[in-house]
>>> print(open('structure_22.txt').read())   # compact mmCIF, C-alpha atoms
# COMPACT_ATOMS: atom_id res chain seq x y z
CA MET A 1 30.60 -29.43 28.98
CA THR A 2 27.95 -31.58 27.29
CA LEU A 3 24.24 -31.40 28.02
CA THR A 4 23.39 -35.05 28.66
CA THR A 5 20.36 -37.01 27.47
CA THR A 6 19.22 -37.46 31.09
CA GLN A 7 19.44 -33.73 31.76
CA ILE A 8 17.29 -33.04 28.71
CA LYS A 9 14.67 -35.55 29.82
CA ARG A 10 14.46 -33.98 33.30
CA LYS A 11 14.55 -30.39 32.06
CA PRO A 12 11.25 -28.74 33.11
CA HIS A 13 9.20 -26.54 30.79
CA THR A 14 8.88 -22.86 31.62
CA ASN A 15 6.67 -20.05 30.41
CA LYS A 16 9.61 -18.56 28.53
CA ARG A 17 11.60 -19.79 25.54
CA THR A 18 15.10 -20.92 26.55
CA VAL A 19 18.20 -21.67 24.46
CA GLU A 20 21.07 -23.85 25.77
CA THR A 21 24.30 -25.07 24.19
CA VAL A 22 24.37 -28.85 23.86
CA LEU A 23 28.16 -28.92 23.48
CA GLU A 24 30.37 -25.84 23.72
CA GLY A 25 31.68 -24.91 20.28
CA SER A 26 29.56 -27.49 18.43
CA GLY A 27 26.95 -25.06 17.10
CA CYS A 28 24.21 -27.36 18.40
CA PHE A 29 21.53 -25.90 20.68
CA LEU A 30 18.51 -27.11 22.63
CA ILE A 31 15.43 -24.91 22.33
CA THR A 32 12.74 -25.32 24.98
CA GLU A 33 9.45 -23.60 24.23
CA PRO A 34 6.08 -23.32 26.00
CA HIS A 35 4.37 -23.57 22.62
CA PRO A 36 3.61 -25.68 20.73
CA SER A 37 2.87 -28.37 23.31
CA LYS A 38 5.81 -27.49 25.55
CA SER A 39 8.24 -28.78 22.92
CA LYS A 40 11.97 -29.42 23.09
CA ARG A 41 13.82 -29.26 19.81
CA PHE A 42 17.37 -29.00 18.47
CA GLU A 43 18.80 -26.29 16.24
CA MET A 44 22.13 -25.92 14.47
CA ARG A 45 23.81 -22.54 13.98
CA MET A 46 26.77 -21.65 11.79
CA ARG A 47 28.03 -18.81 9.63
CA PHE A 48 28.00 -18.99 5.84
CA PRO A 49 29.93 -18.10 3.70
CA PHE A 50 33.06 -18.89 5.70
CA ASN A 51 34.42 -15.36 5.93
CA LYS A 52 33.89 -12.15 7.85
CA ASN A 53 30.85 -11.34 5.72
CA GLY A 54 29.15 -14.62 6.52
CA LYS A 55 25.62 -14.56 7.89
CA MET A 56 24.32 -16.67 10.76
CA ILE A 57 22.31 -19.60 9.38
CA TYR A 58 19.73 -21.35 11.59
CA ILE A 59 18.85 -24.96 10.71
CA PRO A 60 16.24 -27.04 12.56
CA LEU A 61 17.56 -30.52 13.40
CA GLY A 62 14.42 -32.10 14.78
CA VAL A 63 12.15 -32.53 17.80
CA TRP A 64 13.33 -34.30 20.96
CA GLU A 65 12.18 -37.96 21.24
CA LYS A 66 10.57 -37.74 17.81
CA ASP A 67 13.39 -36.97 15.40
CA ILE A 68 16.32 -37.06 17.83
CA GLU A 69 16.60 -39.41 20.82
CA SER A 70 19.98 -38.43 22.30
CA THR A 71 22.42 -35.54 22.50
CA GLU A 72 24.93 -37.66 20.59
CA ASP A 73 22.49 -37.82 17.65
CA ALA A 74 22.04 -34.03 17.67
CA ILE A 75 25.80 -33.35 17.85
CA SER A 76 26.56 -35.93 15.14
CA LYS A 77 23.95 -34.46 12.79
CA THR A 78 25.31 -30.98 13.40
CA GLN A 79 28.87 -32.05 12.57
CA THR A 80 27.76 -33.92 9.43
CA ILE A 81 25.98 -30.85 8.03
CA LYS A 82 28.92 -28.60 8.92
CA ASN A 83 31.42 -30.87 7.17
CA TRP A 84 29.20 -31.18 4.07
CA SER A 85 28.80 -27.40 3.88
CA LYS A 86 32.56 -26.73 4.17
CA ILE A 87 33.63 -29.43 1.71
CA ASN A 88 31.11 -28.40 -0.95
CA ASN A 89 31.15 -24.67 -0.15
CA LYS A 90 27.33 -24.70 -0.05
CA ASN A 91 24.78 -23.15 2.23
CA PRO A 92 24.08 -25.69 5.01
CA LYS A 93 20.36 -25.21 4.38
CA LEU A 94 20.84 -27.16 1.14
CA TYR A 95 21.98 -30.28 2.97
CA SER A 96 18.44 -31.64 3.11
CA LEU A 97 18.17 -31.18 -0.67
CA LYS A 98 21.47 -32.83 -1.59
CA ASN A 99 19.81 -36.07 -2.68
CA GLN A 100 17.29 -34.10 -4.72
CA HIS A 101 20.12 -32.42 -6.62
CA GLN A 102 21.73 -35.79 -7.25
CA ASN A 103 18.57 -37.56 -8.35
CA GLN A 104 16.95 -34.70 -10.22
CA ASP A 105 19.49 -32.91 -12.40
CA ILE A 106 17.53 -29.78 -13.32
CA THR A 107 18.37 -28.25 -16.67
CA LEU A 108 18.53 -24.59 -17.60
CA SER A 109 15.58 -24.97 -19.97
CA GLN A 110 13.46 -26.38 -17.12
CA VAL A 111 14.30 -23.40 -14.91
CA VAL A 112 13.59 -20.97 -17.76
CA GLU A 113 10.23 -22.64 -18.43
CA SER A 114 9.30 -22.37 -14.75
CA TYR A 115 10.43 -18.73 -14.61
CA LEU A 116 8.42 -17.78 -17.69
CA GLU A 117 5.30 -19.45 -16.33
CA ASN A 118 5.55 -17.19 -13.27
CA HIS A 119 6.75 -14.15 -15.25
CA LYS A 120 3.76 -14.27 -17.59
CA LYS A 121 1.40 -13.58 -14.69
CA LYS A 122 3.27 -10.42 -13.68
CA VAL A 123 3.91 -8.51 -16.91
CA VAL A 124 2.02 -7.33 -19.97
CA PRO A 125 2.16 -9.53 -23.11
CA ARG A 126 4.67 -7.34 -24.91
CA SER A 127 7.16 -7.50 -22.02
CA TYR A 128 6.64 -11.25 -21.79
CA GLU A 129 7.40 -11.68 -25.50
CA THR A 130 10.58 -9.63 -25.09
CA SER A 131 11.72 -11.89 -22.23
CA VAL A 132 10.95 -15.01 -24.26
CA GLY A 133 13.07 -13.71 -27.14
CA ARG A 134 16.04 -12.94 -24.89
CA LEU A 135 15.84 -16.24 -23.03
CA ASN A 136 15.66 -18.16 -26.31
CA GLN A 137 18.89 -16.46 -27.33
CA ILE A 138 20.47 -17.40 -23.99
CA LEU A 139 19.32 -21.03 -24.32
CA GLU A 140 20.69 -21.14 -27.86
CA PHE A 141 24.10 -20.09 -26.56
CA PHE A 142 24.28 -22.47 -23.58
CA GLY A 143 22.08 -25.29 -24.86
CA GLY A 144 18.88 -25.96 -22.97
CA ASP A 145 20.09 -29.30 -21.60
CA ILE A 146 22.94 -27.80 -19.58
CA SER A 147 22.51 -28.54 -15.88
CA ILE A 148 22.13 -25.58 -13.55
CA THR A 149 24.80 -27.22 -11.37
CA GLU A 150 27.29 -26.02 -14.00
CA PHE A 151 26.50 -22.43 -13.03
CA TYR A 152 26.94 -22.67 -9.29
CA LYS A 153 30.30 -24.41 -9.38
CA PRO A 154 32.92 -22.05 -7.87
CA GLN A 155 34.19 -19.58 -10.51
CA GLN A 156 32.74 -21.55 -13.43
CA GLY A 157 29.33 -19.88 -13.28
CA LYS A 158 30.81 -16.38 -13.57
CA ARG A 159 32.97 -17.49 -16.49
CA LEU A 160 29.94 -18.92 -18.32
CA ILE A 161 27.95 -15.71 -17.81
CA HIS A 162 30.87 -13.62 -19.05
CA GLU A 163 31.19 -15.77 -22.18
CA MET A 164 27.48 -15.43 -22.89
CA HIS A 165 27.57 -11.67 -22.42
CA SER A 166 30.62 -11.24 -24.66
CA HIS A 167 29.08 -13.39 -27.40
CA ILE A 168 25.80 -11.44 -27.44
CA ALA A 169 27.52 -8.03 -27.18
CA LYS A 170 29.55 -8.77 -30.34
CA GLY A 171 26.38 -9.28 -32.34
CA ARG A 172 24.01 -6.77 -33.96
CA ARG A 173 20.47 -5.81 -33.01
CA PHE A 174 18.31 -3.70 -35.29
CA GLY A 175 21.45 -2.85 -37.24
CA LYS A 176 23.31 -1.59 -34.16
CA PRO A 177 25.83 -3.19 -31.74
CA ALA A 178 23.99 -5.33 -29.20
CA ILE A 179 25.95 -3.98 -26.20
CA ASN A 180 22.91 -2.81 -24.23
CA HIS A 181 20.95 -5.91 -25.27
CA ALA A 182 23.72 -8.09 -23.80
CA SER A 183 23.40 -6.27 -20.48
CA LYS A 184 19.66 -6.89 -20.44
CA CYS A 185 20.25 -10.59 -21.15
CA ARG A 186 22.68 -10.82 -18.25
CA ASN A 187 20.17 -9.17 -15.94
CA LEU A 188 17.40 -11.48 -17.15
CA ILE A 189 19.38 -14.67 -16.50
CA LYS A 190 20.09 -13.26 -13.02
CA LEU A 191 16.33 -13.17 -12.41
CA VAL A 192 16.02 -16.74 -13.72
CA PHE A 193 18.65 -17.93 -11.24
CA GLN A 194 16.91 -16.03 -8.43
CA HIS A 195 13.77 -17.94 -9.36
CA ALA A 196 15.73 -21.20 -9.04
CA ILE A 197 16.92 -20.10 -5.61
CA LYS A 198 13.37 -19.36 -4.45
CA ARG A 199 12.23 -22.75 -5.73
CA GLY A 200 14.92 -24.47 -3.66
CA TRP A 201 16.82 -25.69 -6.74
CA TRP A 202 19.92 -23.73 -5.92
CA ASP A 203 22.02 -22.17 -3.20
CA ASP A 204 21.14 -18.80 -1.72
CA ASN A 205 21.45 -15.47 -3.54
CA GLU A 206 25.12 -14.97 -2.63
CA VAL A 207 26.28 -17.43 -5.30
CA ASN A 208 24.19 -16.16 -8.21
CA PRO A 209 26.88 -15.81 -10.94
CA ALA A 210 24.89 -13.16 -12.82
CA LYS A 211 24.13 -11.06 -9.76
CA PHE A 212 26.68 -8.32 -10.39
CA LYS A 213 27.41 -6.16 -13.42
CA LEU A 214 30.46 -7.38 -15.35
CA ASP A 215 33.61 -5.26 -15.53
CA ASP A 216 33.33 -4.81 -19.31
CA GLU A 217 29.54 -4.63 -19.39
CA GLY A 218 28.22 -1.65 -21.32
CA LEU A 219 31.64 -0.59 -22.65
CA GLY A 220 31.18 1.14 -25.99
CA TYR A 221 27.47 1.70 -25.51
CA ILE A 222 26.38 5.28 -26.11
CA PRO A 223 22.79 5.82 -24.98
CA LYS A 224 20.76 7.99 -27.31
CA SER A 225 17.66 9.88 -26.33
CA ASN A 226 14.71 9.95 -28.66
CA PRO A 227 14.99 12.84 -31.13
CA THR A 228 12.54 15.63 -30.41
CA LEU A 229 11.54 19.07 -31.66
CA LYS A 230 11.60 22.55 -30.23
CA TRP A 231 8.41 24.53 -29.76
CA ASP A 232 9.11 26.84 -32.72
CA GLU A 233 9.58 23.84 -35.05
CA LEU A 234 5.99 22.61 -34.65
CA PRO A 235 4.38 24.77 -37.39
CA GLU A 236 6.59 23.12 -40.01
CA LEU A 237 5.62 19.65 -38.75
CA PHE A 238 1.90 20.42 -38.76
CA LYS A 239 2.15 21.92 -42.26
CA LYS A 240 3.74 18.72 -43.60
CA MET A 241 1.06 16.67 -41.87
CA GLU A 242 -1.61 18.72 -43.62
CA GLU A 243 0.13 18.30 -46.99
CA ASN A 244 0.36 14.51 -46.30
CA SER A 245 3.17 13.93 -48.76
CA GLY A 246 3.50 10.37 -47.49
CA ASN A 247 -0.11 9.56 -48.43
CA ALA A 248 -0.99 8.30 -44.95
CA ASP A 249 -4.53 7.03 -44.47
CA CYS A 250 -7.11 8.88 -42.41
CA LEU A 251 -6.81 6.55 -39.38
CA THR A 252 -3.04 7.08 -39.14
CA GLN A 253 -3.45 10.86 -39.29
CA LEU A 254 -6.16 10.86 -36.64
CA ALA A 255 -4.10 8.61 -34.36
CA THR A 256 -1.07 10.89 -34.68
CA LYS A 257 -3.09 14.02 -33.90
CA PHE A 258 -4.78 12.35 -30.94
CA TYR A 259 -1.35 11.25 -29.73
CA PHE A 260 0.00 14.81 -29.92
CA LEU A 261 -2.97 16.13 -27.96
CA SER A 262 -3.18 13.46 -25.25
CA GLY A 263 0.45 12.75 -24.26
CA LEU A 264 -0.27 9.02 -24.02
CA ARG A 265 2.39 6.42 -24.78
CA VAL A 266 1.93 4.98 -28.26
CA SER A 267 1.15 1.41 -27.16
CA ALA A 268 -1.59 2.63 -24.83
CA LEU A 269 -3.00 4.99 -27.44
CA VAL A 270 -3.40 2.44 -30.26
CA SER A 271 -5.04 -0.06 -27.90
CA LEU A 272 -7.70 2.36 -26.60
CA GLU A 273 -11.16 0.78 -26.30
CA TRP A 274 -14.38 2.77 -26.57
CA GLU A 275 -15.71 1.41 -23.28
CA TRP A 276 -12.85 3.10 -21.44
CA TYR A 277 -14.27 6.53 -22.20
CA ASP A 278 -16.28 8.00 -19.31
CA SER A 279 -18.68 10.40 -21.03
CA THR A 280 -20.07 11.64 -17.71
CA GLU A 281 -16.70 12.91 -16.52
CA ASN A 282 -15.38 13.46 -20.07
CA VAL A 283 -12.26 11.47 -19.29
CA TRP A 284 -10.52 8.32 -20.55
CA ARG A 285 -10.07 5.71 -17.79
CA ILE A 286 -7.30 3.45 -19.01
CA PRO A 287 -6.94 0.15 -17.08
CA PRO A 288 -3.59 -0.26 -15.28
CA GLU A 289 -2.74 -3.50 -17.12
CA THR A 290 -2.85 -1.77 -20.52
CA THR A 291 0.33 -2.25 -22.54
CA GLY A 292 2.35 0.96 -22.55
CA LEU A 293 1.31 2.30 -19.15
CA LYS A 294 4.24 0.55 -17.49
CA ARG A 295 2.47 0.03 -14.18
CA LYS A 296 5.02 -2.46 -12.83
CA ARG A 297 4.89 -1.16 -9.25
CA ASP A 298 1.52 0.58 -9.40
CA ARG A 299 -0.58 -2.10 -11.06
CA GLY A 300 -3.80 -1.03 -9.39
CA ILE A 301 -3.75 2.58 -10.62
CA GLU A 302 -5.70 3.44 -13.78
CA HIS A 303 -4.50 6.30 -15.94
CA LEU A 304 -6.89 9.21 -16.41
CA VAL A 305 -6.78 11.36 -19.54
CA PRO A 306 -9.04 14.44 -19.57
CA VAL A 307 -10.59 15.22 -22.95
CA SER A 308 -10.34 18.66 -24.55
CA PRO A 309 -12.87 19.95 -27.14
CA GLU A 310 -10.28 19.33 -29.86
CA MET A 311 -9.80 15.72 -28.71
CA LYS A 312 -13.57 15.26 -28.59
CA LYS A 313 -13.85 16.43 -32.19
CA LEU A 314 -11.28 13.83 -33.28
CA MET A 315 -13.18 11.19 -31.30
CA ASN A 316 -16.36 12.06 -33.22
CA PHE A 317 -14.49 11.43 -36.50
CA LEU A 318 -13.22 8.13 -35.12
CA LEU A 319 -16.72 7.14 -34.03
CA GLU A 320 -17.81 7.44 -37.64
CA ILE A 321 -14.97 5.15 -38.70
CA ASN A 322 -14.70 2.62 -35.86
CA GLY A 323 -17.56 3.39 -33.51
CA HIS A 324 -19.02 -0.10 -33.91
CA GLN A 325 -15.68 -1.74 -33.09
CA GLN A 326 -14.03 -2.58 -29.75
CA TYR A 327 -10.92 -0.55 -30.52
CA VAL A 328 -10.85 3.18 -31.21
CA PHE A 329 -8.05 2.64 -33.72
CA LYS A 330 -9.25 -0.64 -35.18
CA SER A 331 -7.28 -1.28 -38.37
CA PRO A 332 -8.77 -3.37 -41.20
CA GLU A 333 -5.23 -4.19 -42.34
CA GLY A 334 -3.99 -5.27 -38.94
CA LYS A 335 -2.39 -8.71 -38.84
CA LYS A 336 -0.14 -8.73 -35.78
CA TYR A 337 -2.49 -6.52 -33.72
CA PRO A 338 -6.30 -6.09 -33.69
CA HIS A 339 -5.65 -2.34 -33.85
CA LEU A 340 -3.04 -0.01 -35.35
CA ASN A 341 0.52 -1.25 -35.03
CA PRO A 342 2.38 0.77 -32.32
CA GLU A 343 5.06 1.57 -34.93
CA THR A 344 2.53 3.21 -37.28
CA ILE A 345 3.06 6.73 -35.93
CA ASN A 346 6.85 6.40 -36.14
CA HIS A 347 6.62 5.23 -39.76
CA TYR A 348 4.31 8.14 -40.53
CA LEU A 349 6.74 10.70 -39.04
CA SER A 350 9.60 9.10 -40.93
CA ASN A 351 7.68 9.33 -44.21
CA LEU A 352 7.07 13.02 -43.52
CA GLY A 353 10.83 13.53 -43.49
CA TYR A 354 11.37 13.47 -39.72
CA LYS A 355 13.53 10.36 -39.49
CA GLY A 356 16.27 11.19 -36.98
CA ARG A 357 14.46 14.41 -36.03
CA LEU A 358 11.39 13.20 -34.16
CA THR A 359 10.00 9.92 -32.85
CA ALA A 360 6.65 9.29 -31.25
CA HIS A 361 8.33 8.84 -27.86
CA GLY A 362 10.35 12.01 -28.44
CA TRP A 363 7.06 13.95 -28.58
CA ARG A 364 6.70 13.36 -24.84
CA ASP A 365 9.75 15.63 -24.41
CA VAL A 366 7.80 18.36 -26.21
CA VAL A 367 4.86 17.94 -23.83
CA VAL A 368 6.95 18.12 -20.65
CA THR A 369 9.40 20.81 -21.80
CA SER A 370 7.02 23.13 -23.64
CA GLY A 371 4.29 22.53 -21.08
CA GLN A 372 6.59 24.12 -18.50
CA GLU A 373 8.39 26.73 -20.60
CA GLU A 374 5.55 27.90 -22.82
CA LEU A 375 2.35 27.17 -20.89
CA LYS A 376 3.91 27.60 -17.40
CA PHE A 377 2.42 24.43 -15.88
CA ASP A 378 3.98 22.63 -12.95
CA ARG A 379 6.12 19.61 -13.76
CA ASP A 380 4.08 17.32 -11.47
CA ILE A 381 0.95 18.08 -13.51
CA LEU A 382 2.70 17.24 -16.76
CA LEU A 383 4.26 14.01 -15.48
CA ARG A 384 0.88 12.76 -14.30
CA GLN A 385 -0.59 13.68 -17.67
CA ILE A 386 1.94 11.54 -19.58
CA GLY A 387 1.41 8.63 -17.19
CA HIS A 388 4.43 8.77 -14.90
CA THR A 389 4.00 7.64 -11.29
CA GLU A 390 7.14 8.95 -9.56
CA HIS A 391 4.91 10.44 -6.87
CA LYS A 392 3.95 6.89 -5.83
CA GLN A 393 7.54 5.85 -5.12
CA GLY A 394 9.48 6.06 -1.88
CA ALA A 395 8.41 5.73 1.74
CA SER A 396 5.56 8.23 1.45
CA GLY A 397 4.50 7.24 -2.07
CA CYS A 398 1.90 4.75 -0.91
CA TYR A 399 0.02 7.64 0.73
CA ASP A 400 0.10 9.94 -2.30
CA ASN A 401 -3.07 9.40 -4.33
CA THR A 402 -3.18 12.83 -5.92
CA GLU A 403 -4.46 13.01 -9.50
CA PHE A 404 -4.63 16.82 -9.96
CA LEU A 405 -7.41 16.18 -12.46
CA PRO A 406 -8.79 19.77 -12.53
CA GLN A 407 -5.29 21.15 -13.15
CA ARG A 408 -4.61 18.52 -15.80
CA ARG A 409 -7.92 19.28 -17.48
CA LYS A 410 -6.91 22.94 -17.61
CA PHE A 411 -3.55 21.95 -19.10
CA ILE A 412 -5.03 19.67 -21.77
CA ASN A 413 -7.46 22.40 -22.84
CA GLU A 414 -4.73 25.04 -23.13
CA TRP A 415 -2.32 22.57 -24.74
CA SER A 416 -4.85 21.61 -27.41
CA LYS A 417 -5.56 25.26 -28.25
CA GLU A 418 -1.85 26.08 -28.49
CA LEU A 419 -1.21 23.16 -30.88
CA VAL A 420 -4.10 24.36 -33.05
CA ASN A 421 -2.57 27.87 -32.98
CA LYS A 422 0.68 26.29 -34.16
CA GLY A 423 -1.09 24.80 -37.17
CA LEU A 424 -2.47 21.42 -36.06
CA THR A 425 -5.75 20.96 -37.93
CA ILE A 426 -8.62 19.19 -36.29
>>> encode(input="structure_22.txt", output="structure tokens")
Amino acid sequence: MTLTTTQIKRKPHTNKRTVETVLEGSGCFLITEPHPSKSKRFEMRMRFPFNKNGKMIYIPLGVWEKDIESTEDAISKTQTIKNWSKINNKNPKLYSLKNQHQNQDITLSQVVESYLENHKKKVVPRSYETSVGRLNQILEFFGGDISITEFYKPQQGKRLIHEMHSHIAKGRRFGKPAINHASKCRNLIKLVFQHAIKRGWWDDNEVNPAKFKLDDEGLGYIPKSNPTLKWDELPELFKKMEENSGNADCLTQLATKFYFLSGLRVSALVSLEWEWYDSTENVWRIPPETTGLKRKRDRGIEHLVPVSPEMKKLMNFLLEINGHQQYVFKSPEGKKYPHLNPETINHYLSNLGYKGRLTAHGWRDVVVTSGQEELKFDRDILLRQIGHTEHKQGASGCYDNTEFLPQRRKFINEWSKELVNKGLTI
């Protein structure tokens, strides 16, 4: 039975929203609402994709006597959108954009440029530069002028992504197979396509060809943790540092010692600024946007680093060297950075003969492991000290604002003394 034009005209408004079928089985409905202005409007409903997993899609067709003047118009428009969606296997919501896709053939390079413009506002510069490098490699493979329509054609998009992944995985990166790098490129292009979806340039998320991990993705990749040392191996390390067989300069030695004492990530350490030090509380207050803190989810949380007497002594040396500068570790030889290069400490350890035995990041294992086993501190205290924010995750994480600063101050004082007892000279 069809709801006639006359019946719609005579239909009274009520204080409740009502939904009526215009034609049984058509998917076209009349919505009568008290607000706004006692309106009558038409809505189309259908499932997409066309299988048991399809989701109900709701599409506004227009307002009665403004956009649509008869039930025949509403039913005809509904059928037109349905047919277009089934023939092209596209989300019916994209029907209104079909002319836009025909007249404005958006290229992959245009989508990438738009994504990066948005991405730059969300991440630290170093992460942004990494994304730029990966996307340039992806554009080099596909060609920037390729239309994004090539990726959402049935089956073709997945094939293109697989070809890109295989090509990158066969290459080399830093002298090693680029298997893990290829996975990161696949995940990045997935985010680029999601950006296109949100901008209305593409179908919904169900057709993103890079959405799922590939069957052969990661095959052959053997993850390696950063090499680290055991507690009883530290005296040998500190002895070699004192001998300085690699002829490291004073700033590099001070940075390495401060790194060992503080537990900071290297990138955050080398970019320390003097104004971040709170002399009243004797604590470093490191802004959340600082490179190396990795505050992706917890951008508003600064990282606090209590200062031990040993750390303060090193800071006094540094004040004599760079106290008039913005950066604590200002390097006169710096070209790429206004401060020490983040790789400086790794190069120093390598020159001391610790290549393959210890990296700067591997030292964080020493802090967490020995802090528990040797100094008997709780793991939560140690994780907060090295800048982790696991306690902020999950349903209750947003309520957990604990810093445990007194306990961390006690740890940093005992930790500093133990390193000195092991041979670290201040």
>>> atom_distance(input="structure_22.txt", atom1="CA of Phe377 in chain A", atom2="CA of Trp363 in chain A")
17.1 Å
>>> atom_distance(input="structure_22.txt", atom1="CA of Pro49 in chain A", atom2="CA of Lys211 in chain A")
16.3 Å
>>> closest_atom_pairs(input="structure_22.txt", of="range 190-309 of chain A", to="range 103-114 of chain A", cutoff="9 Å", atoms="all atoms listed in the file", output="JSON lines")
{"residue": "A:Val192", "atom": "CA", "partner": "A:Val112", "partner_atom": "CA", "distance": 6.3}
{"residue": "A:Phe193", "atom": "CA", "partner": "A:Val111", "partner_atom": "CA", "distance": 7.9}
{"residue": "A:His195", "atom": "CA", "partner": "A:Val111", "partner_atom": "CA", "distance": 7.8}
{"residue": "A:Ala196", "atom": "CA", "partner": "A:Val111", "partner_atom": "CA", "distance": 6.4}
{"residue": "A:Trp201", "atom": "CA", "partner": "A:Ile106", "partner_atom": "CA", "distance": 7.8}
>>> residues_near_point(input="structure_22.txt", point="(-12.3, 4.7, -31.8)", cutoff="8 Å", atoms="all atoms listed in the file", output="list in words")
Leu272, Glu273, Trp274, Met315, Leu318, Leu319, Ile321, Asn322, Gly323, Gln325, Gln326, Tyr327, Val328, Phe329 and Lys330 of chain A
>>> closest_residue(input="structure_22.txt", among="A:Leu219, A:Ile197, A:Leu314, A:Val132", to="Leu254 in chain A", atoms="all atoms listed in the file")
A:Leu314
>>> residues_near_point(input="structure_22.txt", point="(31.0, -15.0, -19.9)", cutoff="12 Å", atoms="only C-alpha atoms", output="VMD selection string")
chain A and resid 138 141 to 142 151 155 to 169 182 to 183 185 to 186 209 to 210 213 to 217
>>> closest_residue(input="structure_22.txt", among="A:Leu405, A:Ile345, A:Leu116, A:Ala74", to="Phe258 in chain A", atoms="all atoms listed in the file")
A:Ile345
>>> closest_residue(input="structure_22.txt", among="A:Ala360, A:Leu352, A:Ile87, A:Leu23", to="Lys240 in chain A", atoms="all atoms listed in the file")
A:Leu352
>>> atom_distance(input="structure_22.txt", atom1="CA of Glu302 in chain A", atom2="CA of Leu382 in chain A")
16.4 Å
>>> closest_residue(input="structure_22.txt", among="A:Lys77, A:Leu135, A:Leu349, A:Asp365", to="Ala248 in chain A", atoms="all atoms listed in the file")
A:Leu349
>>> closest_residue(input="structure_22.txt", among="A:Ile179, A:Val368, A:Leu188, A:Leu424", to="Thr130 in chain A", atoms="only C-alpha atoms")
A:Leu188
>>> residues_around(input="structure_22.txt", residues="Lys257 in chain A", least_positions_apart="5", cutoff="12 Å", atoms="only C-alpha atoms", output="JSON, numbers by chain")
{"A": [237, 238, 241, 242, 250, 251, 252, 262, 263, 264, 266, 269, 310, 311, 312, 313, 314, 315, 317, 318, 345, 348, 349, 360, 363, 416, 419, 420, 423, 424, 425, 426]}
>>> closest_residue(input="structure_22.txt", among="A:Asn247, A:Ser350, A:Thr6, A:Asn226", to="Val366 in chain A", atoms="all atoms listed in the file")
A:Asn226
>>> residues_around(input="structure_22.txt", residues="Gly387 in chain A", least_positions_apart="5", cutoff="12 Å", atoms="only C-alpha atoms", output="PyMOL selection string")
chain A and resi 262-266+268-269+285-288+290+292-295+298+301-305+364+367-368+380-382+392+403+408
>>> residues_around(input="structure_22.txt", residues="Glu33 in chain A", least_positions_apart="4", cutoff="8 Å", atoms="only C-alpha atoms", output="MDAnalysis selection string")
chainID A and resid 13:18 38:40
>>> residues_around(input="structure_22.txt", residues="Leu229 in chain A", least_positions_apart="3", cutoff="8 Å", atoms="only C-alpha atoms", output="mmCIF file with C-alpha atoms, in the frame of the given file")
data_model
loop_
_atom_site.group_PDB
_atom_site.id
_atom_site.type_symbol
_atom_site.label_atom_id
_atom_site.label_comp_id
_atom_site.auth_asym_id
_atom_site.auth_seq_id
_atom_site.Cartn_x
_atom_site.Cartn_y
_atom_site.Cartn_z
ATOM 1 C CA GLU A 233 9.580 23.840 -35.050
ATOM 2 C CA LEU A 234 5.990 22.610 -34.650
ATOM 3 C CA ARG A 357 14.460 14.410 -36.030
ATOM 4 C CA LEU A 358 11.390 13.200 -34.160
ATOM 5 C CA GLY A 362 10.350 12.010 -28.440
ATOM 6 C CA TRP A 363 7.060 13.950 -28.580
ATOM 7 C CA VAL A 366 7.800 18.360 -26.210
#
